[in-house]
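A.B. asks: Sharing structure12.txt (compact mmCIF, C-alpha atoms and all ligand atoms) below.
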# COMPACT_ATOMS: atom_id res chain seq x y z
CA MET U 1 -9.68 146.91 -104.82
CA SER U 2 -10.10 145.66 -108.38
CA PRO U 3 -8.45 142.36 -109.44
CA LEU U 4 -5.76 144.38 -111.21
CA GLU U 5 -4.97 146.39 -108.07
CA ARG U 6 -5.13 143.33 -105.87
CA ARG U 7 -2.60 141.53 -108.08
CA ARG U 8 -0.17 144.45 -107.85
CA VAL U 9 -0.52 144.53 -104.06
CA GLU U 10 -0.25 140.81 -103.44
CA GLU U 11 2.89 140.52 -105.58
CA THR U 12 4.75 142.51 -102.97
CA LEU U 13 2.82 141.79 -99.75
CA ALA U 14 5.11 139.04 -98.44
CA GLN U 15 8.19 141.18 -99.03
CA THR U 16 6.46 144.21 -97.49
CA LEU U 17 5.69 142.34 -94.27
CA ALA U 18 9.10 140.64 -94.05
CA HIS U 19 10.70 144.06 -94.31
CA ALA U 20 8.29 145.73 -91.86
CA ALA U 21 8.86 142.93 -89.32
CA GLY U 22 12.36 144.40 -88.92
CA ALA U 23 10.92 147.48 -87.19
CA PRO U 24 10.94 147.05 -83.37
CA PHE U 25 7.28 148.09 -83.11
CA TYR U 26 6.00 145.39 -85.49
CA LYS U 27 8.46 142.78 -84.21
CA ARG U 28 6.97 143.21 -80.71
CA ARG U 29 3.33 143.24 -81.78
CA TRP U 30 3.32 140.62 -84.51
CA GLY U 31 5.65 137.85 -83.40
CA SER U 32 5.63 135.49 -86.38
CA LYS U 33 1.96 136.08 -87.35
CA TRP U 34 2.98 138.02 -90.45
CA LYS U 35 4.41 134.87 -92.04
CA ARG U 36 0.90 133.52 -92.67
CA VAL U 37 -0.30 136.63 -94.53
CA THR U 38 -0.22 136.48 -98.32
CA THR U 39 -3.53 138.10 -99.35
CA VAL U 40 -5.24 141.39 -98.54
CA GLU U 41 -7.95 139.51 -96.56
CA GLU U 42 -5.31 137.79 -94.45
CA LEU U 43 -3.99 141.17 -93.33
CA SER U 44 -6.78 140.99 -90.74
CA ARG U 45 -4.53 138.59 -88.79
CA LEU U 46 -2.38 141.60 -87.92
CA PRO U 47 -3.44 144.35 -85.51
CA LEU U 48 -4.51 147.80 -86.68
CA LEU U 49 -2.40 150.89 -86.28
CA ASP U 50 -3.86 154.38 -85.93
CA LYS U 51 -2.32 157.82 -86.04
CA ALA U 52 -2.20 158.33 -82.25
CA LEU U 53 -0.42 154.99 -81.75
CA ALA U 54 1.93 155.58 -84.68
CA SER U 55 2.89 159.04 -83.48
CA ARG U 56 3.61 157.72 -79.95
CA HIS U 57 5.83 154.94 -81.29
CA GLN U 58 7.28 156.61 -84.35
CA ALA U 59 10.91 155.86 -83.53
CA ALA U 60 10.10 152.14 -83.17
CA LEU U 61 8.31 152.13 -86.53
CA LEU U 62 11.56 152.78 -88.37
CA THR U 63 13.22 149.80 -90.03
CA SER U 64 16.63 151.45 -89.89
CA PRO U 65 17.86 153.57 -86.98
CA ARG U 66 19.04 156.61 -88.93
CA PRO U 67 17.16 156.91 -92.19
CA ALA U 68 18.71 159.12 -94.84
CA GLY U 69 15.51 161.09 -95.33
CA VAL U 70 15.24 163.37 -98.33
CA GLY U 71 11.93 164.73 -97.15
CA THR U 72 9.33 164.29 -94.47
CA PHE U 73 5.58 164.03 -94.65
CA SER U 74 4.05 165.08 -91.40
CA SER U 75 0.57 164.52 -90.17
CA GLY U 76 -1.32 165.37 -87.03
CA THR U 77 -0.59 169.05 -87.37
CA THR U 78 -4.26 170.03 -87.29
CA ARG U 79 -5.12 171.88 -84.11
CA GLY U 80 -7.19 170.14 -81.52
CA GLU U 81 -6.45 166.55 -82.48
CA ALA U 82 -6.22 164.09 -79.65
CA TYR U 83 -2.45 163.78 -79.64
CA SER U 84 0.31 166.31 -79.50
CA ASP U 85 3.16 164.88 -81.55
CA PRO U 86 2.79 165.01 -85.31
CA LEU U 87 3.72 161.80 -87.11
CA HIS U 88 6.80 162.39 -89.24
CA VAL U 89 7.16 159.93 -92.09
CA PRO U 90 10.60 160.18 -93.67
CA VAL U 91 10.93 159.62 -97.41
CA THR U 92 14.33 158.42 -98.61
CA ALA U 93 16.06 158.78 -101.98
CA VAL U 94 15.82 155.00 -102.48
CA GLU U 95 12.04 155.11 -102.01
CA ARG U 96 11.69 158.08 -104.29
CA GLU U 97 13.63 156.26 -107.02
CA ALA U 98 11.53 153.10 -106.59
CA ARG U 99 8.35 155.17 -106.95
CA ALA U 100 9.61 156.95 -110.06
CA ALA U 101 10.83 153.71 -111.67
CA ALA U 102 7.41 152.04 -111.33
CA LEU U 103 5.37 155.04 -112.42
CA PRO U 104 2.68 153.88 -114.88
CA ASP U 105 3.15 155.25 -118.42
CA GLU U 106 -0.04 157.30 -118.32
CA LEU U 107 1.29 159.30 -115.36
CA VAL U 108 4.69 160.12 -116.84
CA ASP U 109 3.30 162.74 -119.22
CA ASP U 110 0.62 165.02 -117.78
CA GLY U 111 -0.42 166.22 -121.23
CA TYR U 112 0.10 169.87 -120.38
CA PRO U 113 2.94 171.51 -122.24
CA GLY U 114 3.61 174.32 -119.75
CA TRP U 115 5.00 174.44 -116.24
CA LYS U 116 3.33 172.86 -113.26
CA LEU U 117 3.14 174.89 -110.07
CA SER U 118 3.11 172.92 -106.81
CA VAL U 119 2.05 174.90 -103.76
CA ILE U 120 3.33 173.17 -100.67
CA SER U 121 1.94 173.62 -97.17
CA VAL U 122 4.99 174.15 -95.04
CA HIS U 123 3.40 172.66 -91.92
CA HIS U 124 3.30 169.32 -93.78
CA GLY U 125 7.05 169.54 -94.25
CA LEU U 126 8.96 171.02 -97.14
CA PRO U 127 10.49 168.47 -99.50
CA ARG U 128 14.23 168.86 -99.72
CA THR U 129 14.40 167.25 -103.15
CA THR U 130 14.63 169.34 -106.26
CA PRO U 131 11.39 169.83 -108.22
CA GLY U 132 10.66 167.41 -111.08
CA PRO U 133 11.03 168.44 -114.73
CA ASP U 134 8.80 171.41 -115.63
CA GLU U 135 7.73 171.77 -112.00
CA LEU U 136 7.94 174.93 -109.90
CA ARG U 137 7.38 174.88 -106.16
CA VAL U 138 6.34 177.62 -103.80
CA PRO U 139 5.63 177.29 -100.09
CA TRP U 140 2.23 178.10 -98.62
CA LEU U 141 2.05 179.87 -95.30
CA HIS U 142 -0.33 182.33 -93.70
CA ASP U 143 1.49 185.37 -94.93
CA LEU U 144 1.07 188.00 -97.67
CA ASN U 145 4.29 186.79 -99.29
CA ALA U 146 2.71 183.43 -100.10
CA LEU U 147 -0.09 185.13 -102.03
CA SER U 148 2.25 187.52 -103.83
CA MET U 149 4.62 184.70 -104.75
CA LEU U 150 1.78 182.68 -106.27
CA GLU U 151 0.57 185.63 -108.28
CA THR U 152 4.07 186.50 -109.51
CA VAL U 153 4.74 182.97 -110.73
CA LEU U 154 1.40 182.72 -112.53
CA ARG U 155 1.26 186.26 -113.97
CA GLN U 156 4.22 186.10 -116.31
CA PRO U 157 5.88 183.46 -118.50
CA GLN U 158 8.90 181.64 -117.12
CA PRO U 159 12.33 182.45 -118.62
CA ASP U 160 11.82 179.87 -121.40
CA GLY U 161 8.66 181.65 -122.51
CA ARG U 162 6.18 179.05 -121.24
CA GLN U 163 3.42 179.82 -118.74
CA VAL U 164 2.25 177.70 -115.83
CA THR U 165 -0.63 175.59 -117.18
CA ALA U 166 -1.24 173.20 -114.26
CA MET U 167 -1.21 173.69 -110.51
CA THR U 168 -1.52 171.55 -107.39
CA ILE U 169 -2.59 173.41 -104.28
CA GLY U 170 -4.38 172.73 -100.98
CA SER U 171 -8.11 173.41 -101.08
CA GLY U 172 -7.76 176.01 -98.27
CA PRO U 173 -5.02 178.03 -100.02
CA LEU U 174 -6.97 177.82 -103.29
CA LYS U 175 -10.04 179.43 -101.68
CA VAL U 176 -7.92 182.15 -100.08
CA PHE U 177 -5.99 182.86 -103.29
CA THR U 178 -9.18 183.01 -105.38
CA SER U 179 -10.76 185.50 -102.95
CA TRP U 180 -7.62 187.58 -102.70
CA LEU U 181 -7.46 187.96 -106.50
CA ALA U 182 -11.16 188.88 -106.63
CA GLN U 183 -10.85 191.56 -103.97
CA ARG U 184 -8.12 193.17 -106.07
CA GLY U 185 -10.19 193.01 -109.25
CA LEU U 186 -7.87 190.54 -111.00
CA GLU U 187 -9.07 187.90 -113.43
CA PRO U 188 -7.25 184.60 -112.88
CA ARG U 189 -8.41 183.20 -116.25
CA LYS U 190 -5.75 185.43 -117.82
CA PHE U 191 -3.05 183.40 -116.03
CA GLY U 192 -3.60 180.44 -118.38
CA VAL U 193 -3.82 177.71 -115.70
CA ARG U 194 -6.11 175.04 -117.16
CA LEU U 195 -5.77 172.20 -114.67
CA ILE U 196 -5.93 172.46 -110.88
CA GLY U 197 -5.43 169.51 -108.55
CA THR U 198 -6.36 170.03 -104.91
CA TYR U 199 -5.23 168.24 -101.77
CA SER U 200 -6.22 168.35 -98.10
CA TYR U 201 -10.01 168.39 -97.52
CA ARG U 202 -12.44 168.17 -100.42
CA LEU U 203 -13.37 171.38 -102.20
CA SER U 204 -17.16 171.79 -102.00
CA PRO U 205 -19.17 172.05 -105.26
CA GLN U 206 -19.84 175.72 -104.42
CA TRP U 207 -16.12 176.51 -104.44
CA GLN U 208 -15.26 174.12 -107.21
CA SER U 209 -17.61 175.85 -109.66
CA LEU U 210 -16.43 179.29 -108.53
CA VAL U 211 -12.77 178.37 -109.03
CA GLU U 212 -13.43 176.66 -112.37
CA GLU U 213 -15.30 179.70 -113.62
CA ARG U 214 -12.72 182.27 -112.46
CA PHE U 215 -9.66 180.35 -113.66
CA GLU U 216 -11.36 178.72 -116.66
CA ALA U 217 -9.70 175.57 -115.40
CA ARG U 218 -10.75 172.04 -114.57
CA VAL U 219 -10.48 171.24 -110.86
CA TYR U 220 -9.67 167.66 -109.84
CA ASP U 221 -10.67 166.56 -106.39
CA ASN U 222 -8.05 164.61 -104.56
CA TYR U 223 -8.12 162.50 -101.44
CA SER U 224 -4.81 161.93 -99.77
CA LEU U 225 -3.17 161.57 -96.40
CA SER U 226 0.13 163.36 -96.01
CA GLU U 227 1.68 160.34 -94.29
CA LEU U 228 0.86 157.95 -97.17
CA GLY U 229 1.92 159.94 -100.21
CA THR U 230 -0.54 158.22 -102.56
CA PRO U 231 -3.26 160.48 -103.98
CA PHE U 232 -6.75 159.30 -104.91
CA THR U 233 -7.94 161.40 -107.83
CA SER U 234 -11.41 161.92 -109.24
CA CYS U 235 -12.02 160.17 -112.56
CA ASP U 236 -13.59 161.84 -115.59
CA ALA U 237 -15.13 158.55 -116.70
CA CYS U 238 -16.84 157.27 -113.54
CA GLY U 239 -16.76 160.32 -111.24
CA LEU U 240 -15.32 158.31 -108.34
CA LEU U 241 -11.85 158.43 -106.79
CA HIS U 242 -9.13 156.06 -107.99
CA MET U 243 -5.96 155.13 -106.19
CA GLY U 244 -2.88 156.75 -107.73
CA HIS U 245 0.77 155.85 -107.42
CA PRO U 246 2.50 154.25 -105.50
CA PRO U 247 -0.07 151.50 -104.84
CA LEU U 248 -1.42 150.73 -101.35
CA ALA U 249 -3.34 147.79 -99.93
CA ILE U 250 -6.82 149.07 -99.10
CA GLU U 251 -9.25 147.56 -96.61
CA VAL U 252 -12.73 148.92 -95.93
CA LEU U 253 -13.69 147.76 -92.43
CA ALA U 254 -17.10 147.76 -90.79
CA LEU U 255 -17.90 150.75 -88.61
CA ASP U 256 -19.10 148.52 -85.78
CA GLY U 257 -16.64 145.63 -85.76
CA PRO U 258 -13.28 144.28 -86.87
CA GLY U 259 -14.44 142.56 -90.08
CA PRO U 260 -14.89 143.98 -93.56
CA ALA U 261 -17.76 146.40 -94.21
CA PRO U 262 -20.71 144.65 -95.88
CA ARG U 263 -20.77 145.37 -99.63
CA GLY U 264 -22.30 148.74 -100.42
CA THR U 265 -22.00 150.10 -96.89
CA PRO U 266 -19.49 152.70 -95.71
CA GLY U 267 -16.51 151.58 -93.69
CA ARG U 268 -13.24 152.69 -92.15
CA LEU U 269 -10.48 153.15 -94.71
CA VAL U 270 -7.39 151.19 -93.69
CA PHE U 271 -4.20 151.39 -95.74
CA THR U 272 -0.94 149.46 -95.97
CA THR U 273 2.08 151.01 -97.68
CA LEU U 274 4.11 148.62 -99.81
CA TYR U 275 7.71 147.63 -100.42
CA PRO U 276 9.81 148.95 -102.22
CA PHE U 277 7.92 152.26 -102.40
CA THR U 278 7.95 152.58 -98.62
CA GLN U 279 10.88 151.11 -96.76
CA VAL U 280 11.98 153.19 -93.84
CA MET U 281 8.64 153.65 -92.07
CA PRO U 282 6.13 151.04 -93.27
CA LEU U 283 2.56 151.75 -92.20
CA ILE U 284 0.79 148.41 -91.97
CA ARG U 285 -3.01 148.35 -91.49
CA TYR U 286 -3.02 152.07 -90.84
CA ASP U 287 -6.51 153.25 -89.89
CA SER U 288 -6.93 156.60 -91.59
CA GLY U 289 -9.80 157.73 -89.34
CA ASP U 290 -11.76 158.37 -92.54
CA VAL U 291 -14.91 156.67 -93.76
CA GLY U 292 -15.20 155.55 -97.36
CA LEU U 293 -17.39 153.55 -99.66
CA GLU U 294 -16.33 151.07 -102.31
CA GLY U 295 -17.97 151.72 -105.65
CA PRO U 296 -17.90 149.68 -108.85
CA ILE U 297 -14.78 148.95 -110.90
CA CYS U 298 -14.27 151.62 -113.55
CA ARG U 299 -14.63 150.38 -117.12
CA LEU U 300 -12.03 152.78 -118.44
CA THR U 301 -9.26 152.40 -115.86
CA ARG U 302 -10.10 148.91 -114.48
CA LEU U 303 -9.55 150.41 -111.03
CA ARG U 304 -11.96 150.35 -108.09
CA GLY U 305 -13.90 153.57 -107.57
CA TYR U 306 -14.04 154.97 -104.04
CA GLN U 307 -16.07 157.67 -102.39
CA VAL U 308 -14.71 159.33 -99.24
CA LEU U 309 -17.35 160.44 -96.74
CA GLY U 310 -15.11 162.25 -94.26
CA ARG U 311 -13.71 161.78 -90.77
CA LEU U 312 -15.35 159.10 -88.68
CA ARG U 313 -15.41 161.36 -85.59
CA HIS U 314 -17.08 164.21 -87.51
CA GLY U 315 -20.15 162.15 -88.43
CA LEU U 316 -22.39 159.74 -86.52
CA ALA U 317 -21.60 156.04 -86.65
CA VAL U 318 -24.64 154.15 -85.35
CA ARG U 319 -24.78 150.36 -85.61
CA GLY U 320 -22.61 150.19 -88.70
CA GLN U 321 -24.37 153.08 -90.43
CA PHE U 322 -22.83 156.48 -91.06
CA VAL U 323 -25.42 159.23 -90.61
CA LEU U 324 -24.86 162.90 -91.52
CA ASN U 325 -21.66 162.13 -93.37
CA PRO U 326 -19.32 165.12 -92.98
CA VAL U 327 -18.57 165.54 -96.69
CA ALA U 328 -22.27 165.83 -97.55
CA VAL U 329 -22.92 168.16 -94.59
CA ARG U 330 -20.01 170.41 -95.39
CA ASP U 331 -20.86 170.58 -99.11
CA VAL U 332 -24.39 171.67 -98.27
CA LEU U 333 -23.39 174.18 -95.56
CA GLU U 334 -20.79 175.80 -97.84
CA SER U 335 -23.54 176.55 -100.35
CA SER U 336 -25.30 178.88 -97.90
CA PRO U 337 -24.08 182.40 -97.05
CA LEU U 338 -26.18 182.33 -93.85
CA VAL U 339 -24.02 179.68 -92.20
CA SER U 340 -21.14 180.99 -90.04
CA ARG U 341 -17.56 180.14 -90.90
CA THR U 342 -14.59 179.85 -88.58
CA PRO U 343 -12.49 182.83 -89.70
CA HIS U 344 -9.50 181.75 -91.75
CA PRO U 345 -6.16 182.96 -90.31
CA MET U 346 -5.63 185.04 -93.48
CA THR U 347 -8.95 186.81 -92.81
CA ARG U 348 -8.11 187.32 -89.12
CA LEU U 349 -4.76 188.79 -90.10
CA GLY U 350 -6.56 191.29 -92.33
CA LEU U 351 -4.89 190.00 -95.51
CA VAL U 352 -8.07 188.68 -97.13
CA ASP U 353 -11.47 190.37 -96.85
CA SER U 354 -13.65 187.33 -97.44
CA ILE U 355 -15.38 185.92 -94.35
CA ASP U 356 -16.31 182.80 -96.33
CA VAL U 357 -12.95 181.10 -96.89
CA GLY U 358 -12.92 179.32 -93.52
CA PRO U 359 -14.79 176.08 -92.74
CA PRO U 360 -18.51 176.22 -91.80
CA ARG U 361 -19.33 175.83 -88.11
CA TRP U 362 -21.35 172.75 -87.17
CA ARG U 363 -21.41 169.61 -85.09
CA VAL U 364 -23.45 166.43 -84.88
CA ALA U 365 -24.95 164.65 -81.89
CA LEU U 366 -27.21 161.69 -81.22
CA GLU U 367 -30.12 162.68 -78.99
CA GLN U 368 -32.57 159.93 -78.04
CA ARG U 369 -32.09 158.05 -81.30
CA VAL U 370 -32.35 161.26 -83.33
CA ALA U 371 -29.37 162.47 -85.36
CA VAL U 372 -29.03 166.20 -84.74
CA LEU U 373 -27.06 168.57 -86.93
CA GLU U 374 -26.30 171.82 -85.09
CA VAL U 375 -25.36 174.65 -87.40
CA GLU U 376 -24.09 178.07 -86.43
CA VAL U 377 -25.71 180.88 -88.43
CA ARG U 378 -25.06 184.57 -88.97
CA PHE U 379 -28.47 185.68 -87.71
CA ASP U 380 -30.66 185.09 -84.69
CA PRO U 381 -32.95 182.16 -85.55
CA ASP U 382 -35.27 183.19 -82.74
CA VAL U 383 -35.86 186.60 -84.34
CA TYR U 384 -36.04 185.42 -87.95
CA ARG U 385 -38.08 182.30 -87.32
CA ALA U 386 -39.56 181.78 -90.77
CA GLN U 387 -36.15 182.19 -92.42
CA ALA U 388 -34.64 179.82 -89.86
CA ARG U 389 -37.23 177.12 -90.57
CA ALA U 390 -36.72 177.51 -94.33
CA LEU U 391 -32.96 177.20 -93.94
CA GLU U 392 -33.28 174.13 -91.70
CA GLU U 393 -35.47 172.49 -94.31
CA SER U 394 -33.20 173.32 -97.20
CA ILE U 395 -30.12 172.03 -95.32
CA LEU U 396 -31.86 168.75 -94.52
CA GLU U 397 -33.10 168.40 -98.09
CA GLY U 398 -29.62 169.13 -99.45
CA VAL U 399 -27.93 166.52 -97.25
CA CYS U 400 -30.61 163.90 -97.98
CA ALA U 401 -30.15 164.45 -101.72
CA VAL U 402 -26.53 163.28 -101.56
CA ASP U 403 -26.48 160.99 -98.52
CA PRO U 404 -28.81 157.96 -98.78
CA THR U 405 -28.31 156.93 -95.14
CA THR U 406 -29.37 160.32 -93.80
CA SER U 407 -32.25 160.32 -96.25
CA ARG U 408 -33.48 156.99 -94.83
CA TRP U 409 -33.18 158.29 -91.28
CA ALA U 410 -35.00 161.50 -92.21
CA ARG U 411 -37.91 159.56 -93.68
CA ALA U 412 -38.20 157.80 -90.33
CA GLY U 413 -38.24 161.20 -88.59
CA ARG U 414 -34.83 160.61 -87.03
CA VAL U 415 -32.86 163.63 -88.30
CA ARG U 416 -33.14 167.21 -87.07
CA VAL U 417 -31.31 170.35 -88.14
CA ARG U 418 -30.97 172.93 -85.38
CA LEU U 419 -29.76 176.46 -86.06
CA GLN U 420 -27.92 178.30 -83.33
CA GLN U 421 -25.97 181.48 -82.93
CA ARG U 422 -23.11 179.68 -81.28
CA VAL U 423 -21.94 176.12 -81.87
CA ALA U 424 -18.87 174.57 -80.29
CA ALA U 425 -17.84 173.52 -83.79
CA LEU U 426 -15.58 170.61 -84.48
CA THR U 427 -12.02 171.43 -85.43
CA GLU U 428 -11.49 171.49 -89.14
CA ARG U 429 -8.48 172.23 -91.24
CA TYR U 430 -7.79 175.60 -92.77
CA ASP U 431 -4.46 174.89 -94.45
ZN ZN Q 501 -13.10 155.81 -113.29
Just dump the structure as structure tokens.
C.D. replies:
Amino acid sequence: MSPLERRRVEETLAQTLAHAAGAPFYKRRWGSKWKRVTTVEELSRLPLLDKALASRHQAALLTSPRPAGVGTFSSGTTRGEAYSDPLHVPVTAVEREARAAALPDELVDDGYPGWKLSVISVHHGLPRTTPGPDELRVPWLHDLNALSMLETVLRQPQPDGRQVTAMTIGSGPLKVFTSWLAQRGLEPRKFGVRLIGTYSYRLSPQWQSLVEERFEARVYDNYSLSELGTPFTSCDACGLLHMGHPPLAIEVLALDGPGPAPRGTPGRLVFTTLYPFTQVMPLIRYDSGDVGLEGPICRLTRLRGYQVLGRLRHGLAVRGQFVLNPVAVRDVLESSPLVSRTPHPMTRLGLVDSIDVGPPRWRVALEQRVAVLEVEVRFDPDVYRAQARALEESILEGVCAVDPTTSRWARAGRVRVRLQQRVAALTERYD
């Protein structure tokens, strides 16, 4: 965090912990240890919490027995994760008001005079609050109605004559919607949307440029966890992600131990929600399961820049290093039409023709000190050997160009790309 962000966090840390200590879960685990924590570094005196643990003990994480929730953010809904119960984080009216009251001036006005369309994934929980001023909301689900609803709202002006000029939408739905419009010969640039913010997983450069071209809009990458409610948005000035509102305490912990990650090396992203923005279910030292890298402080915003490298379990953590980082791998694989994709539910249902809207199929493994990237392809690499070798080389080159750790390993001959016709791919989100 930058000094500015640290100051904001530490102003409220003591109150945050005093409040959280009222939840049975923290009371049991912390004893009185929390009383000696006043700085972000001192948070390390408290134990970590991860999603599996939080979802098992979610009732005991509440500071009041029957919270008057106005909405719920749920997480853990992705298929195949190691636990069955999603974590439901209630959001109360009091919290919502505290967040709105402390909103920095620059976020109050988005600078776009039209309506903003928010497309909400229903499996993350539908907010029961009314939309904000100039905001329209539509639910996203794997159904033709969701696509038609989006098109209807964008196609014509609202009753006051203004069009939708900005949109927030999950990266999965955005890919599906873009393809669905294309297959029907429609030109989304005519809608007049000029700003698109994405959530869920990162949109790869391949898709980002396609969407920007078709919509004639700027796409802003966003990193967020549904249970935290604070987006990290890409910055025009420095190109890195900055923490949005409400603020969180951020720790970047070493991949191979409990301490902080050495400067300039990737680490586990651990977040603490703060009082008064989060009151009913405080998440203290919540290990996101994601790996990130601290960059420099941005000259324009005075905020710390962050880079998110993806899920820890989707890459290879070896002695504190993160090889074949999933964001780099995915970005590169999505640029090739020869790599297989897991069919998106909308494709399987026959609603969208494109076979390229689902996530690419791949996995990583460590084999005798060699990092192996197994990639499923749409041809038989044993029949088309020359093409297979060329693709393996270009994938490796592509990943090395954006991932310095993998590049170092490759120079030492410790990375291999292996093409296969079937890969037991890791589970990724569709949304
Ligand atoms: Zn910046």
A.B. asks: For Asp143 in chain U, work out the shell of residues within 10 Å, counting all atoms listed in the file and skipping chain neighbours fewer than 5 positions away, then give it as a list in words.
C.D. replies: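 So, after excluding close chain neighbours, the residues are Ser148, Pro345, Met346, Leu349 and Leu351 of chain U.
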A.B. asks: Which residues of chain U come within 6 Å of ligand ZN 501 (chain Q), and for each one, what is the closest pair of atoms and their distance in Å to one decimal, counting only C-alpha atoms and all ligand atoms, sorted by chain and residue number, as a tab-separated table?
C.D. replies:
residue	atom	partner	partner_atom	distance
U:Cys235	CA	Q:ZN501	ZN	4.6
U:Ala237	CA	Q:ZN501	ZN	4.8
U:Cys238	CA	Q:ZN501	ZN	4.0
U:Leu240	CA	Q:ZN501	ZN	6.0
U:Cys298	CA	Q:ZN501	ZN	4.4
U:Thr301	CA	Q:ZN501	ZN	5.7
A.B. asks: Just give me the gap between CA of Thr347 in chain U and CA of Lys175 in chain U in Å, one decimal is fine.
C.D. replies: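 These atoms are spaced 11.6 Å apart.
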A.B. asks: Nearest to Glu5 in chain U among U:Gly197, U:Ile297, U:Leu46, U:Leu309, with distances taken over all atoms listed in the file: which residue is it?
C.D. replies: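 Among the listed residues, the smallest separation from Glu5 in chain U belongs to U:Ile297.
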A.B. asks: Need the shell around range 358-370 of chain U: protein/DNA/RNA residues with any atom at most 6 Å away, counting only C-alpha atoms. Skip same-chain ones fewer than 3 positions apart. Format as a ChimeraX atom specification?
C.D. replies: /U:340-344,373-376,414-415,425-426
A.B. asks: Around all of range 334-342 of chain U's listed atoms, make the axis-aligned box with 5 Å on each side and tell me centre and edge lengths in Å to one decimal, as JSON.
C.D. replies:
{"center_x": -20.4, "center_y": 179.1, "center_z": -94.5, "size_x": 21.6, "size_y": 16.6, "size_z": 21.8}
A.B. asks: Need the neighbours of (-1.3, 162.0, -99.4): which residues are at most 12 Å away, counting all atoms listed in the file, as a ChimeraX atom specification?
C.D. replies: /U:72-75,89,124,170,198-201,222-233,243-248,271,273,288
A.B. asks: Mind checking which residues fall within 7 Å of range 261-269 of chain U, counting all atoms listed in the file, ignoring those fewer than 2 positions away in the same chain, and posting them as a list of chain:residue names?
C.D. replies: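 Listing them by chain and then by number gives U:Glu251, U:Val252, U:Leu253, U:Ala254, U:Leu255, U:Gly259, U:Phe271, U:Asp287, U:Ser288, U:Gly289, U:Asp290, U:Val291, U:Gly292, U:Leu293, U:Glu294, U:Phe322.
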A.B. asks: Compare U:Asn325, U:Ser354, U:Thr152, U:Thr165 by their minimum atom-to-atom distance to Ala217 in chain U, counting only C-alpha atoms, and give me the closest one.
C.D. replies: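 Looking only at the distances to Ala217 in chain U, the closest residue turns out to be U:Thr165.
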A.B. asks: Which residues come within 9 Å of Ser407 in chain U, counting only C-alpha atoms, excluding same-chain residues fewer than 6 positions away, as a ChimeraX atom specification?
C.D. replies: /U:323,396-397,399-401,415
A.B. asks: Give me, please, the distance in Å between CA of Leu103 in chain U and CA of Pro65 in chain U, quoted to one decimal.
C.D. replies: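 Computed distance, CA of Leu103 in chain U to CA of Pro65 in chain U, equals 28.4 Å.
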A.B. asks: Do you have the CA of Ser179 in chain U-CA of Gly398 in chain U distance handy?
C.D. replies: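 Straight-line distance from CA of Ser179 in chain U to CA of Gly398 in chain U works out to 25.2 Å.
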A.B. asks: Might you pull out every residue within 10 Å of Pro337 in chain U, with only C-alpha atoms counted and same-chain residues fewer than 4 positions away left off, and present them as a list in words?
C.D. replies: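 Listed by chain and then number, they are Leu333, Arg341, Ile355, Asp356, Pro360, Val377 and Arg378 of chain U.
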A.B. asks: With N, CA, C and O atoms as the goal, would you fill in the gaps in range 18-25 of chain U and present it as a PDB file, in the frame of the given file?
C.D. replies:
ATOM      1  N   ALA U  18       7.786 141.117 -94.518  1.00  0.00           N
ATOM      2  CA  ALA U  18       9.100 140.640 -94.050  1.00  0.00           C
ATOM      3  C   ALA U  18       9.987 141.835 -93.715  1.00  0.00           C
ATOM      4  O   ALA U  18      10.687 141.841 -92.701  1.00  0.00           O
ATOM      5  N   HIS U  19       9.886 142.862 -94.546  1.00  0.00           N
ATOM      6  CA  HIS U  19      10.700 144.060 -94.310  1.00  0.00           C
ATOM      7  C   HIS U  19      10.202 144.817 -93.071  1.00  0.00           C
ATOM      8  O   HIS U  19      10.985 145.194 -92.209  1.00  0.00           O
ATOM      9  N   ALA U  20       8.869 144.988 -92.987  1.00  0.00           N
ATOM     10  CA  ALA U  20       8.290 145.730 -91.860  1.00  0.00           C
ATOM     11  C   ALA U  20       8.576 145.030 -90.533  1.00  0.00           C
ATOM     12  O   ALA U  20       8.758 145.679 -89.495  1.00  0.00           O
ATOM     13  N   ALA U  21       8.628 143.688 -90.554  1.00  0.00           N
ATOM     14  CA  ALA U  21       8.860 142.930 -89.320  1.00  0.00           C
ATOM     15  C   ALA U  21      10.214 143.265 -88.696  1.00  0.00           C
ATOM     16  O   ALA U  21      10.474 142.933 -87.546  1.00  0.00           O
ATOM     17  N   GLY U  22      11.066 143.960 -89.454  1.00  0.00           N
ATOM     18  CA  GLY U  22      12.360 144.400 -88.920  1.00  0.00           C
ATOM     19  C   GLY U  22      12.247 145.629 -88.035  1.00  0.00           C
ATOM     20  O   GLY U  22      13.182 145.969 -87.317  1.00  0.00           O
ATOM     21  N   ALA U  23      11.106 146.312 -88.057  1.00  0.00           N
ATOM     22  CA  ALA U  23      10.920 147.480 -87.190  1.00  0.00           C
ATOM     23  C   ALA U  23      10.560 146.999 -85.787  1.00  0.00           C
ATOM     24  O   ALA U  23       9.714 146.118 -85.644  1.00  0.00           O
ATOM     25  N   PRO U  24      11.195 147.546 -84.742  1.00  0.00           N
ATOM     26  CA  PRO U  24      10.940 147.050 -83.370  1.00  0.00           C
ATOM     27  C   PRO U  24       9.457 147.011 -82.999  1.00  0.00           C
ATOM     28  O   PRO U  24       8.991 146.080 -82.341  1.00  0.00           O
ATOM     29  N   PHE U  25       8.699 148.017 -83.463  1.00  0.00           N
ATOM     30  CA  PHE U  25       7.280 148.090 -83.110  1.00  0.00           C
ATOM     31  C   PHE U  25       6.524 146.863 -83.625  1.00  0.00           C
ATOM     32  O   PHE U  25       5.786 146.212 -82.878  1.00  0.00           O
TER      33      PHE U  25
END
